[in-house]
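Novice: Provided below: my_file_32.pdb, containing PDB, C-alpha atoms.
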ATOM      1  CA  MET X   1     109.098  93.710 114.628
ATOM      2  CA  THR X   2     110.862  91.839 111.900
ATOM      3  CA  GLY X   3     109.446  91.434 108.467
ATOM      4  CA  ARG X   4     109.849  92.839 105.003
ATOM      5  CA  PHE X   5     109.068  96.219 103.470
ATOM      6  CA  LEU X   6     108.690  96.660  99.733
ATOM      7  CA  VAL X   7     110.103 100.026  98.632
ATOM      8  CA  VAL X   8     109.262 101.591  95.265
ATOM      9  CA  VAL X   9     112.296 103.369  93.788
ATOM     10  CA  ASP X  10     112.540 105.579  90.727
ATOM     11  CA  ASP X  11     114.958 108.310  89.735
ATOM     12  CA  SER X  12     113.156 111.148  91.498
ATOM     13  CA  ALA X  13     114.294 113.006  94.594
ATOM     14  CA  ALA X  14     110.951 112.179  96.239
ATOM     15  CA  ALA X  15     111.481 108.430  95.704
ATOM     16  CA  PHE X  16     115.014 108.533  97.113
ATOM     17  CA  HIS X  17     113.665 110.416 100.137
ATOM     18  CA  ALA X  18     110.938 107.782 100.618
ATOM     19  CA  ALA X  19     113.556 105.051 100.304
ATOM     20  CA  GLN X  20     115.667 106.701 103.012
ATOM     21  CA  VAL X  21     112.593 106.823 105.281
ATOM     22  CA  ALA X  22     112.084 103.093 104.603
ATOM     23  CA  VAL X  23     115.741 102.313 105.378
ATOM     24  CA  GLU X  24     115.538 104.191 108.684
ATOM     25  CA  LEU X  25     112.253 102.498 109.619
ATOM     26  CA  ALA X  26     113.685  99.081 108.717
ATOM     27  CA  ALA X  27     116.795  99.759 110.809
ATOM     28  CA  VAL X  28     114.640 100.537 113.846
ATOM     29  CA  THR X  29     112.213  97.632 113.391
ATOM     30  CA  GLY X  30     114.633  94.969 112.153
ATOM     31  CA  ALA X  31     112.815  94.560 108.841
ATOM     32  CA  GLY X  32     114.435  93.633 105.546
ATOM     33  CA  LEU X  33     113.794  95.511 102.331
ATOM     34  CA  THR X  34     112.801  94.522  98.837
ATOM     35  CA  LEU X  35     113.650  97.420  96.535
ATOM     36  CA  VAL X  36     111.749  97.537  93.259
ATOM     37  CA  THR X  37     111.675  99.788  90.268
ATOM     38  CA  VAL X  38     109.272  99.370  87.367
ATOM     39  CA  VAL X  39     110.116  99.978  83.722
ATOM     40  CA  GLU X  40     106.910 100.475  81.769
ATOM     41  CA  ASP X  41     108.273  99.322  78.416
ATOM     42  CA  HIS X  42     105.152  99.961  76.380
ATOM     43  CA  LEU X  43     105.259 103.676  77.215
ATOM     44  CA  LEU X  44     108.856 104.244  76.190
ATOM     45  CA  ASP X  45     109.299 101.884  73.273
ATOM     46  CA  ALA X  46     107.635 104.091  70.670
ATOM     47  CA  LYS X  47     109.481 107.221  71.795
ATOM     48  CA  LEU X  48     112.839 105.463  71.886
ATOM     49  CA  HIS X  49     112.254 103.839  68.527
ATOM     50  CA  ALA X  50     111.301 107.207  67.026
ATOM     51  CA  ALA X  51     114.452 108.787  68.474
ATOM     52  CA  SER X  52     116.559 105.879  67.147
ATOM     53  CA  ILE X  53     118.378 105.451  70.446
ATOM     54  CA  GLN X  54     120.793 102.542  70.144
ATOM     55  CA  ASP X  55     120.650  99.816  72.790
ATOM     56  CA  ALA X  56     117.831 101.611  74.650
ATOM     57  CA  PRO X  57     116.394  98.566  76.485
ATOM     58  CA  ALA X  58     119.810  97.596  77.862
ATOM     59  CA  ARG X  59     120.510 101.194  78.895
ATOM     60  CA  ARG X  60     117.161 101.430  80.699
ATOM     61  CA  ALA X  61     117.818  98.129  82.463
ATOM     62  CA  ARG X  62     121.250  99.313  83.629
ATOM     63  CA  GLY X  63     119.787 102.601  84.856
ATOM     64  CA  ALA X  64     116.988 100.852  86.732
ATOM     65  CA  LEU X  65     119.436  98.464  88.375
ATOM     66  CA  ALA X  66     121.704 101.382  89.335
ATOM     67  CA  MET X  67     118.808 103.075  91.171
ATOM     68  CA  VAL X  68     117.928 100.097  93.356
ATOM     69  CA  THR X  69     121.604  99.268  93.884
ATOM     70  CA  ARG X  70     122.201 102.798  95.188
ATOM     71  CA  VAL X  71     119.427 102.414  97.762
ATOM     72  CA  ALA X  72     120.641  98.908  98.687
ATOM     73  CA  ALA X  73     124.072 100.387  99.431
ATOM     74  CA  ARG X  74     122.482 102.962 101.748
ATOM     75  CA  ALA X  75     120.575 100.180 103.496
ATOM     76  CA  ALA X  76     123.722  98.080 103.908
ATOM     77  CA  GLN X  77     125.486 101.030 105.559
ATOM     78  CA  GLN X  78     122.773 100.952 108.226
ATOM     79  CA  GLY X  79     122.827  97.170 108.596
ATOM     80  CA  VAL X  80     119.537  96.621 106.755
ATOM     81  CA  PRO X  81     119.379  93.622 104.419
ATOM     82  CA  ALA X  82     117.979  94.513 101.009
ATOM     83  CA  GLU X  83     117.113  92.669  97.821
ATOM     84  CA  ASN X  84     116.740  94.352  94.416
ATOM     85  CA  GLU X  85     114.220  93.686  91.699
ATOM     86  CA  VAL X  86     113.673  95.412  88.349
ATOM     87  CA  LEU X  87     110.122  94.860  87.122
ATOM     88  CA  SER X  88     108.548  95.433  83.745
ATOM     89  CA  GLY X  89     104.938  96.257  82.978
ATOM     90  CA  HIS X  90     102.165  98.303  84.584
ATOM     91  CA  GLY X  91     103.667 100.008  87.630
ATOM     92  CA  ALA X  92     101.130  99.511  90.414
ATOM     93  CA  GLU X  93     100.161  96.004  89.318
ATOM     94  CA  GLN X  94     103.806  94.920  89.269
ATOM     95  CA  VAL X  95     104.419  96.444  92.706
ATOM     96  CA  LEU X  96     101.414  94.656  94.208
ATOM     97  CA  ALA X  97     102.485  91.342  92.675
ATOM     98  CA  ALA X  98     106.042  91.792  93.978
ATOM     99  CA  ALA X  99     104.713  92.592  97.456
ATOM    100  CA  GLY X 100     102.838  89.298  97.427
ATOM    101  CA  ARG X 101     105.839  87.317  96.180
ATOM    102  CA  CYS X 102     108.223  88.649  98.812
ATOM    103  CA  GLY X 103     105.739  88.535 101.692
ATOM    104  CA  ALA X 104     105.923  92.278 102.311
ATOM    105  CA  GLU X 105     104.137  93.645 105.355
ATOM    106  CA  LEU X 106     104.370  97.261 104.193
ATOM    107  CA  ILE X 107     104.729  99.087 100.858
ATOM    108  CA  VAL X 108     106.674 102.365 100.943
ATOM    109  CA  VAL X 109     106.186 104.764  98.047
ATOM    110  CA  ALA X 110     106.783 108.458  97.405
ATOM    111  CA  ARG X 111     103.999 110.892  96.749
ATOM    112  CA  GLU X 112     105.237 112.439  93.527
ATOM    113  CA  PRO X 113     104.263 115.988  92.708
ATOM    114  CA  ARG X 114     102.240 116.065  89.488
ATOM    115  CA  LEU X 115     103.502 113.245  87.323
ATOM    116  CA  PRO X 116     102.316 113.093  83.717
ATOM    117  CA  ALA X 117      99.753 110.406  82.981
ATOM    118  CA  GLY X 118     101.312 107.001  82.447
ATOM    119  CA  SER X 119     104.546 107.659  84.309
ATOM    120  CA  GLY X 120     105.589 106.260  87.645
ATOM    121  CA  VAL X 121     103.607 104.042  89.972
ATOM    122  CA  ASN X 122     100.026 105.155  90.503
ATOM    123  CA  VAL X 123      99.781 105.655  94.271
ATOM    124  CA  GLU X 124      95.984 105.756  94.197
ATOM    125  CA  HIS X 125      95.957 102.316  92.544
ATOM    126  CA  LEU X 126      98.235 100.972  95.271
ATOM    127  CA  LEU X 127      96.043 102.424  98.006
ATOM    128  CA  GLU X 128      92.884 101.007  96.471
ATOM    129  CA  PHE X 129      94.100  97.482  95.772
ATOM    130  CA  ALA X 130      96.816  96.733  98.343
ATOM    131  CA  ASP X 131      95.896  94.231 101.024
ATOM    132  CA  ILE X 132      98.759  95.423 103.246
ATOM    133  CA  PRO X 133      99.507  98.905 104.614
ATOM    134  CA  VAL X 134     100.954 101.491 102.229
ATOM    135  CA  LEU X 135     103.142 104.273 103.589
ATOM    136  CA  VAL X 136     102.994 107.262 101.240
ATOM    137  CA  VAL X 137     105.941 109.557 101.971
ATOM    138  CA  PRO X 138     105.531 113.186 100.947
ATOM    139  CA  PRO X 139     108.416 114.884  99.152
ATOM    140  CA  VAL X 140     110.890 116.915 101.149
ATOM    141  CA  PRO X 141     109.530 120.464 101.438
ATOM    142  CA  GLN X 142     111.350 123.079  99.363
ATOM    143  CA  ARG X 143     113.205 125.568 101.552
TER     144      ARG X 143
END
For this file, produce the structure as structure tokens.
Specialist:
Amino acid sequence: MTGRFLVVVDDSAAAFHAAQVAVELAAVTGAGLTLVTVVEDHLLDAKLHAASIQDAPARRARGALAMVTRVAARAAQQGVPAENEVLSGHGAEQVLAAAGRCGAELIVVAREPRLPAGSGVNVEHLLEFADIPVLVVPPVPQR
């Protein structure tokens, strides 16, 4: 199988674990990866403005790019081609649109333990509206 997997990355341990699963699956199947992270600007803008954090949008953009770049480096070590994309807007909607644009055959996302409302990509939304398979990777069990 060759094709493309879209992998949702954020700064959680569960998302990095899911990304590693995607890299390993891509290495075995010959698929390429599109790595995406979503910055939901409308949720953070008010908090950042209230905290008077200087240069917050640029800092968030650099942090988001660093996350997908880190996973791309892992993929490259295993011979898996990967593209990065930082998206802005509603998480699940942006992921679904990106999957369509890149021709993804599979979406890989972490099952996050108890996220607060409005944070991260809503996995249930992806499962309901995706027209391609979605692999939901559970977090690594605590030992």
Novice: List every protein, DNA or RNA residue that has an atom no more than 7 Å from (115.7, 99.4, 84.8) in the file's coordinate frame, counting all atoms listed in the file, and report them as a list in words.
Specialist: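 Residues with an atom at most 7 Å from (115.7, 99.4, 84.8): Thr37, Val38, Val39, Arg60, Ala61, Arg62, Gly63, Ala64, Leu65 and Val86 of chain X.
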Novice: For Asp11 of chain X, which of X:Ala76, X:Val23, X:Met67, X:Ala58 is the closest residue, counting only C-alpha atoms?
Specialist: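 Smallest distance to Asp11 of chain X is found for X:Met67.
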Novice: Closest to Phe5 of chain X among X:Glu105, X:Glu24, X:Glu85, X:Glu40, using all atoms listed in the file?
Specialist: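 Of X:Glu105, X:Glu24, X:Glu85, X:Glu40, the one nearest Phe5 of chain X, counting all atoms listed in the file, is X:Glu105.
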Novice: Under the PyMOL selection byres ((chain X and resi 21) around 10), which residues of this model are included? Write them out as a tab-separated table (two decimals) with C-alpha atoms, in the frame of the given file.
Specialist:
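Output contents, as saved in selection_15.tsv:
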chain	number	residue	atom	x	y	z
X	7	VAL	CA	110.10	100.03	98.63
X	15	ALA	CA	111.48	108.43	95.70
X	16	PHE	CA	115.01	108.53	97.11
X	17	HIS	CA	113.66	110.42	100.14
X	18	ALA	CA	110.94	107.78	100.62
X	19	ALA	CA	113.56	105.05	100.30
X	20	GLN	CA	115.67	106.70	103.01
X	22	ALA	CA	112.08	103.09	104.60
X	23	VAL	CA	115.74	102.31	105.38
X	24	GLU	CA	115.54	104.19	108.68
X	25	LEU	CA	112.25	102.50	109.62
X	26	ALA	CA	113.68	99.08	108.72
X	27	ALA	CA	116.80	99.76	110.81
X	108	VAL	CA	106.67	102.36	100.94
X	109	VAL	CA	106.19	104.76	98.05
X	110	ALA	CA	106.78	108.46	97.40
X	135	LEU	CA	103.14	104.27	103.59
X	137	VAL	CA	105.94	109.56	101.97
Novice: Can you measure atom CA of Gly30 of chain X to atom CA of Gly3 of chain X for me? One decimal in Å is fine.
Specialist: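 Answer for the atom CA of Gly30 of chain X to atom CA of Gly3 of chain X separation: 7.3 Å.
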Novice: Restricting the calculation to all atoms listed in the file, which member of X:Asp131, X:Glu112, X:Asp10, X:Glu124 is positioned closest to Ala92 of chain X?
Specialist: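 Closest to Ala92 of chain X of all the choices is X:Glu124.
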Novice: One decimal, Å: what's the distance from atom CA of Asn84 of chain X over to atom CA of Val36 of chain X, could you say?
Specialist: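 So the two atoms, atom CA of Asn84 of chain X and atom CA of Val36 of chain X, lie 6.0 Å apart.
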Novice: Using atom CA of Ala98 of chain X and atom CA of Val134 of chain X as the two end points, give the distance in Å to one decimal.
Specialist: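 Computed distance, atom CA of Ala98 of chain X to atom CA of Val134 of chain X, equals 13.7 Å.
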Novice: Please identify all polymer residues within 10 Å of Ala130 of chain X, counting all atoms listed in the file, omitting same-chain residues fewer than 4 positions from it, and present them as a ChimeraX atom specification.
Specialist: /X:92-93,95-97,99-100,106-107,124-126,134
Novice: If I wrap all listed atoms of segment 27-43 of chain X in a box with edges along x, y and z and add 8 Å on each side, what are its centre and edge lengths in Å to one decimal, as lines of an AutoDock Vina configuration file?
Specialist:
center_x = 111.0
center_y = 98.7
center_z = 95.1
size_x = 27.6
size_y = 26.0
size_z = 53.5
